[in-house]
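Novice: Below you'll find the structure I mean.
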Amino acid sequence: MKAVVTVTGKDSMGIIAKVSALCTEYDTNIVDISQTVMQEYFAMIMIVDISLSRFALLEAELKELGAELGLQIRIQRSEIFDAMHRI
């Protein structure tokens, strides 16, 4: 099962490392990742495999990490993400 993780906010050192380390703690494998910095703003999207993870706990921890770092971090199951972005 796949999910989409999005991270947005002011850029700072270590964002990718902290988000990916948290994903690893919850047995989540990063399948694909793209990130960019536009001026001082950071944006990242990751496709992750959540087959072995504890999704609800990971979702709560990512939200908490976002609050600590001053970022918005969201995770959505891929089918929900796809449905929300269907034209």
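Letters A, B, ... mark the chains of the structure tokens in the order given; residue numbers begin at 1 per chain; ligand numbers begin at 1, in order shown.
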Name the residues in contact with Val4 (chain A) at a cut-off of 12 Å, using only C-alpha atoms, excluding same-chain residues fewer than 4 positions from it; report them as a list in words.

Specialist: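 What passes the distance filter is Cys23, Thr28, Asn29, Ile30, Val31, Asp32, Ile33, Ser34, Met44, Ile45, Met46, Ile47, Val48, Asp49, Ile50, Phe55, Glu59, Ile73, Arg74, Ile75, Gln76, Arg77, Ser78, Glu79, Ile80, Phe81 and Asp82 of chain A.
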
Novice: Include N, CA, C and O atoms and write out the residues we just selected as a short mmCIF file (atom, residue, chain, number, x, y, z; two decimals), in the first residue's frame.

Specialist:
data_model
loop_
_atom_site.label_atom_id
_atom_site.label_comp_id
_atom_site.auth_asym_id
_atom_site.auth_seq_id
_atom_site.Cartn_x
_atom_site.Cartn_y
_atom_site.Cartn_z
N CYS A 23 10.07 8.23 9.18
CA CYS A 23 9.45 7.19 8.35
C CYS A 23 10.10 5.83 8.61
O CYS A 23 9.40 4.82 8.72
N THR A 28 8.39 2.46 7.23
CA THR A 28 7.88 3.04 5.99
C THR A 28 9.04 3.20 5.01
O THR A 28 10.04 3.83 5.34
N ASN A 29 8.89 2.62 3.83
CA ASN A 29 9.94 2.68 2.82
C ASN A 29 9.66 3.81 1.84
O ASN A 29 8.56 3.93 1.31
N ILE A 30 10.67 4.65 1.60
CA ILE A 30 10.54 5.73 0.63
C ILE A 30 10.76 5.14 -0.76
O ILE A 30 11.82 4.61 -1.07
N VAL A 31 9.73 5.25 -1.61
CA VAL A 31 9.77 4.71 -2.97
C VAL A 31 10.27 5.77 -3.95
O VAL A 31 11.04 5.49 -4.86
N ASP A 32 9.83 7.00 -3.77
CA ASP A 32 10.23 8.10 -4.65
C ASP A 32 10.18 9.39 -3.84
O ASP A 32 9.38 9.52 -2.92
N ILE A 33 11.06 10.32 -4.21
CA ILE A 33 11.12 11.58 -3.47
C ILE A 33 11.51 12.70 -4.43
O ILE A 33 12.33 12.51 -5.32
N SER A 34 10.88 13.85 -4.24
CA SER A 34 11.23 15.04 -4.99
C SER A 34 11.14 16.22 -4.03
O SER A 34 10.21 16.32 -3.24
N MET A 44 8.45 19.38 -0.56
CA MET A 44 8.87 18.01 -0.81
C MET A 44 7.63 17.13 -0.92
O MET A 44 6.63 17.35 -0.22
N ILE A 45 7.71 16.16 -1.82
CA ILE A 45 6.67 15.14 -1.91
C ILE A 45 7.38 13.79 -1.97
O ILE A 45 8.39 13.65 -2.66
N MET A 46 6.88 12.86 -1.19
CA MET A 46 7.43 11.51 -1.17
C MET A 46 6.31 10.52 -1.41
O MET A 46 5.21 10.69 -0.88
N ILE A 47 6.62 9.51 -2.18
CA ILE A 47 5.74 8.35 -2.30
C ILE A 47 6.37 7.30 -1.39
O ILE A 47 7.56 6.99 -1.52
N VAL A 48 5.58 6.77 -0.47
CA VAL A 48 6.11 5.81 0.49
C VAL A 48 5.27 4.54 0.49
O VAL A 48 4.08 4.56 0.19
N ASP A 49 5.93 3.44 0.82
CA ASP A 49 5.24 2.16 0.97
C ASP A 49 4.93 2.00 2.45
O ASP A 49 5.83 1.96 3.28
N ILE A 50 3.64 1.92 2.76
CA ILE A 50 3.21 1.84 4.16
C ILE A 50 2.68 0.46 4.51
O ILE A 50 2.00 0.27 5.51
N PHE A 55 0.13 3.20 10.28
CA PHE A 55 -0.22 4.45 9.60
C PHE A 55 -0.71 5.53 10.56
O PHE A 55 -0.24 6.66 10.50
N GLU A 59 1.13 9.06 11.05
CA GLU A 59 0.44 10.31 10.72
C GLU A 59 0.52 11.31 11.87
O GLU A 59 0.84 12.48 11.67
N ILE A 73 3.30 19.08 7.46
CA ILE A 73 3.60 17.74 6.98
C ILE A 73 2.31 16.94 7.00
O ILE A 73 1.65 16.84 8.03
N ARG A 74 1.97 16.38 5.83
CA ARG A 74 0.75 15.58 5.70
C ARG A 74 1.08 14.26 5.06
O ARG A 74 1.96 14.17 4.22
N ILE A 75 0.35 13.23 5.45
CA ILE A 75 0.43 11.94 4.79
C ILE A 75 -0.98 11.50 4.47
O ILE A 75 -1.89 11.65 5.30
N GLN A 76 -1.17 11.02 3.25
CA GLN A 76 -2.47 10.52 2.82
C GLN A 76 -2.27 9.22 2.07
O GLN A 76 -1.32 9.09 1.30
N ARG A 77 -3.16 8.29 2.29
CA ARG A 77 -3.12 7.06 1.50
C ARG A 77 -3.27 7.45 0.04
O ARG A 77 -3.98 8.39 -0.29
N SER A 78 -2.58 6.75 -0.83
CA SER A 78 -2.52 7.15 -2.24
C SER A 78 -3.90 7.21 -2.90
O SER A 78 -4.15 8.10 -3.70
N GLU A 79 -4.79 6.30 -2.54
CA GLU A 79 -6.12 6.33 -3.17
C GLU A 79 -6.91 7.58 -2.77
O GLU A 79 -7.65 8.15 -3.57
N ILE A 80 -6.71 8.07 -1.56
CA ILE A 80 -7.38 9.30 -1.13
C ILE A 80 -6.73 10.50 -1.82
O ILE A 80 -7.42 11.39 -2.31
N PHE A 81 -5.40 10.52 -1.87
CA PHE A 81 -4.69 11.61 -2.56
C PHE A 81 -5.13 11.68 -4.02
O PHE A 81 -5.43 12.75 -4.54
N ASP A 82 -5.18 10.53 -4.70
CA ASP A 82 -5.58 10.48 -6.11
C ASP A 82 -7.00 10.99 -6.28
O ASP A 82 -7.30 11.75 -7.21
#

Novice: Would you please give, as a PyMOL selection string, all residues of chain A that DSSP assigns to helix (DSSP H, G or I) based on the backbone?

Specialist: chain A and resi 15-25+55-69+78-84

Novice: Would you save the residues of that selection, restricted to N, CA, C and O atoms, as a short mmCIF file (atom, residue, chain, number, x, y, z; two decimals), in the first residue's frame?

Specialist:
data_model
loop_
_atom_site.label_atom_id
_atom_site.label_comp_id
_atom_site.auth_asym_id
_atom_site.auth_seq_id
_atom_site.Cartn_x
_atom_site.Cartn_y
_atom_site.Cartn_z
N ILE A 15 15.67 18.89 7.10
CA ILE A 15 14.25 18.51 6.96
C ILE A 15 14.13 17.11 6.39
O ILE A 15 13.42 16.26 6.94
N ILE A 16 14.81 16.84 5.27
CA ILE A 16 14.70 15.52 4.64
C ILE A 16 15.18 14.44 5.60
O ILE A 16 14.54 13.39 5.74
N ALA A 17 16.27 14.68 6.28
CA ALA A 17 16.82 13.69 7.22
C ALA A 17 15.84 13.38 8.34
O ALA A 17 15.62 12.21 8.69
N LYS A 18 15.22 14.41 8.89
CA LYS A 18 14.30 14.19 10.02
C LYS A 18 13.02 13.48 9.58
O LYS A 18 12.55 12.57 10.28
N VAL A 19 12.47 13.86 8.43
CA VAL A 19 11.24 13.21 7.95
C VAL A 19 11.54 11.77 7.57
O VAL A 19 10.78 10.86 7.94
N SER A 20 12.63 11.53 6.86
CA SER A 20 12.93 10.16 6.44
C SER A 20 13.30 9.28 7.64
O SER A 20 12.95 8.10 7.67
N ALA A 21 13.97 9.83 8.65
CA ALA A 21 14.29 9.05 9.85
C ALA A 21 13.01 8.63 10.57
O ALA A 21 12.89 7.49 11.04
N LEU A 22 12.04 9.54 10.64
CA LEU A 22 10.77 9.20 11.29
C LEU A 22 10.04 8.12 10.50
O LEU A 22 9.48 7.18 11.08
N CYS A 23 10.07 8.23 9.18
CA CYS A 23 9.45 7.19 8.35
C CYS A 23 10.10 5.83 8.61
O CYS A 23 9.40 4.82 8.72
N THR A 24 11.41 5.81 8.73
CA THR A 24 12.13 4.57 9.00
C THR A 24 11.71 3.97 10.33
O THR A 24 11.54 2.75 10.45
N GLU A 25 11.53 4.80 11.34
CA GLU A 25 11.09 4.32 12.66
C GLU A 25 9.76 3.58 12.58
O GLU A 25 9.50 2.70 13.39
N PHE A 55 0.13 3.20 10.28
CA PHE A 55 -0.22 4.45 9.60
C PHE A 55 -0.71 5.53 10.56
O PHE A 55 -0.24 6.66 10.50
N ALA A 56 -1.65 5.23 11.44
CA ALA A 56 -2.22 6.24 12.32
C ALA A 56 -1.16 6.85 13.24
O ALA A 56 -1.13 8.07 13.45
N LEU A 57 -0.26 6.02 13.74
CA LEU A 57 0.82 6.54 14.60
C LEU A 57 1.79 7.39 13.80
O LEU A 57 2.22 8.46 14.25
N LEU A 58 2.14 6.94 12.59
CA LEU A 58 3.03 7.70 11.73
C LEU A 58 2.41 9.05 11.39
O LEU A 58 3.08 10.08 11.44
N GLU A 59 1.13 9.06 11.05
CA GLU A 59 0.44 10.31 10.72
C GLU A 59 0.52 11.31 11.87
O GLU A 59 0.84 12.48 11.67
N ALA A 60 0.28 10.85 13.09
CA ALA A 60 0.34 11.72 14.27
C ALA A 60 1.76 12.23 14.51
O ALA A 60 1.96 13.42 14.82
N GLU A 61 2.74 11.35 14.36
CA GLU A 61 4.14 11.75 14.58
C GLU A 61 4.62 12.75 13.53
O GLU A 61 5.36 13.68 13.84
N LEU A 62 4.20 12.55 12.27
CA LEU A 62 4.58 13.50 11.22
C LEU A 62 3.97 14.88 11.49
O LEU A 62 4.64 15.91 11.31
N LYS A 63 2.73 14.89 11.94
CA LYS A 63 2.08 16.16 12.26
C LYS A 63 2.83 16.86 13.41
O LYS A 63 3.06 18.07 13.37
N GLU A 64 3.21 16.09 14.41
CA GLU A 64 3.94 16.65 15.55
C GLU A 64 5.32 17.16 15.11
O GLU A 64 5.74 18.25 15.53
N LEU A 65 6.01 16.40 14.28
CA LEU A 65 7.30 16.85 13.77
C LEU A 65 7.15 18.15 12.98
O LEU A 65 7.95 19.06 13.13
N GLY A 66 6.10 18.24 12.18
CA GLY A 66 5.84 19.46 11.44
C GLY A 66 5.67 20.66 12.36
O GLY A 66 6.21 21.74 12.10
N ALA A 67 4.93 20.47 13.43
CA ALA A 67 4.72 21.55 14.39
C ALA A 67 6.05 21.98 15.03
O ALA A 67 6.31 23.17 15.19
N GLU A 68 6.89 21.00 15.36
CA GLU A 68 8.19 21.31 15.97
C GLU A 68 9.09 22.10 15.02
O GLU A 68 9.83 22.98 15.44
N LEU A 69 9.02 21.76 13.72
CA LEU A 69 9.90 22.37 12.72
C LEU A 69 9.29 23.59 12.04
O LEU A 69 9.94 24.22 11.21
N SER A 78 -2.58 6.75 -0.83
CA SER A 78 -2.52 7.15 -2.24
C SER A 78 -3.90 7.21 -2.90
O SER A 78 -4.15 8.10 -3.70
N GLU A 79 -4.79 6.30 -2.54
CA GLU A 79 -6.12 6.33 -3.17
C GLU A 79 -6.91 7.58 -2.77
O GLU A 79 -7.65 8.15 -3.57
N ILE A 80 -6.71 8.07 -1.56
CA ILE A 80 -7.38 9.30 -1.13
C ILE A 80 -6.73 10.50 -1.82
O ILE A 80 -7.42 11.39 -2.31
N PHE A 81 -5.40 10.52 -1.87
CA PHE A 81 -4.69 11.61 -2.56
C PHE A 81 -5.13 11.68 -4.02
O PHE A 81 -5.43 12.75 -4.54
N ASP A 82 -5.18 10.53 -4.70
CA ASP A 82 -5.58 10.48 -6.11
C ASP A 82 -7.00 10.99 -6.28
O ASP A 82 -7.30 11.75 -7.21
N ALA A 83 -7.91 10.58 -5.41
CA ALA A 83 -9.31 11.00 -5.51
C ALA A 83 -9.46 12.51 -5.32
O ALA A 83 -10.25 13.15 -6.00
N MET A 84 -8.66 13.08 -4.42
CA MET A 84 -8.74 14.51 -4.16
C MET A 84 -8.19 15.34 -5.31
O MET A 84 -8.56 16.50 -5.48
#

Novice: At what distance in Å, to one decimal, does CA of Val7 (chain A) lie from CA of Thr36 (chain A)?

Specialist: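 Computing the Euclidean distance for CA of Thr36 (chain A) and CA of Val7 (chain A) yields 10.5 Å.
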
Novice: Looking only at the backbone, which of the residues in chain A does DSSP tag as strand (DSSP E or B), as a PyMOL selection string?

Specialist: chain A and resi 2-10+29-38+41-49+71-77

Novice: Take CA of Gly9 (chain A) and CA of Gln72 (chain A) and report the distance between them in Å, one decimal.

Specialist: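 Straight-line distance from CA of Gly9 (chain A) to CA of Gln72 (chain A) works out to 6.4 Å.
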
Novice: Mind giving me the straight-line distance from CA of Ser53 (chain A) to CA of Thr6 (chain A) in Å, one decimal?

Specialist: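 Separating CA of Ser53 (chain A) from CA of Thr6 (chain A) is a distance of 17.3 Å.
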
Novice: Taking into account only C-alpha atoms, which residue in the set A:Gly14, A:Ala43, A:Tyr26, A:Thr8 is nearest to Leu71 (chain A)?

Specialist: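 Nearest to Leu71 (chain A): A:Thr8.
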
Novice: May I ask which of the residues A:Ser12, A:Met1, A:Asp27, A:Ser51 is the closest one to Gly70 (chain A), counting only C-alpha atoms?

Specialist: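 Answer, going by the shortest atom-to-atom distance: A:Ser12.
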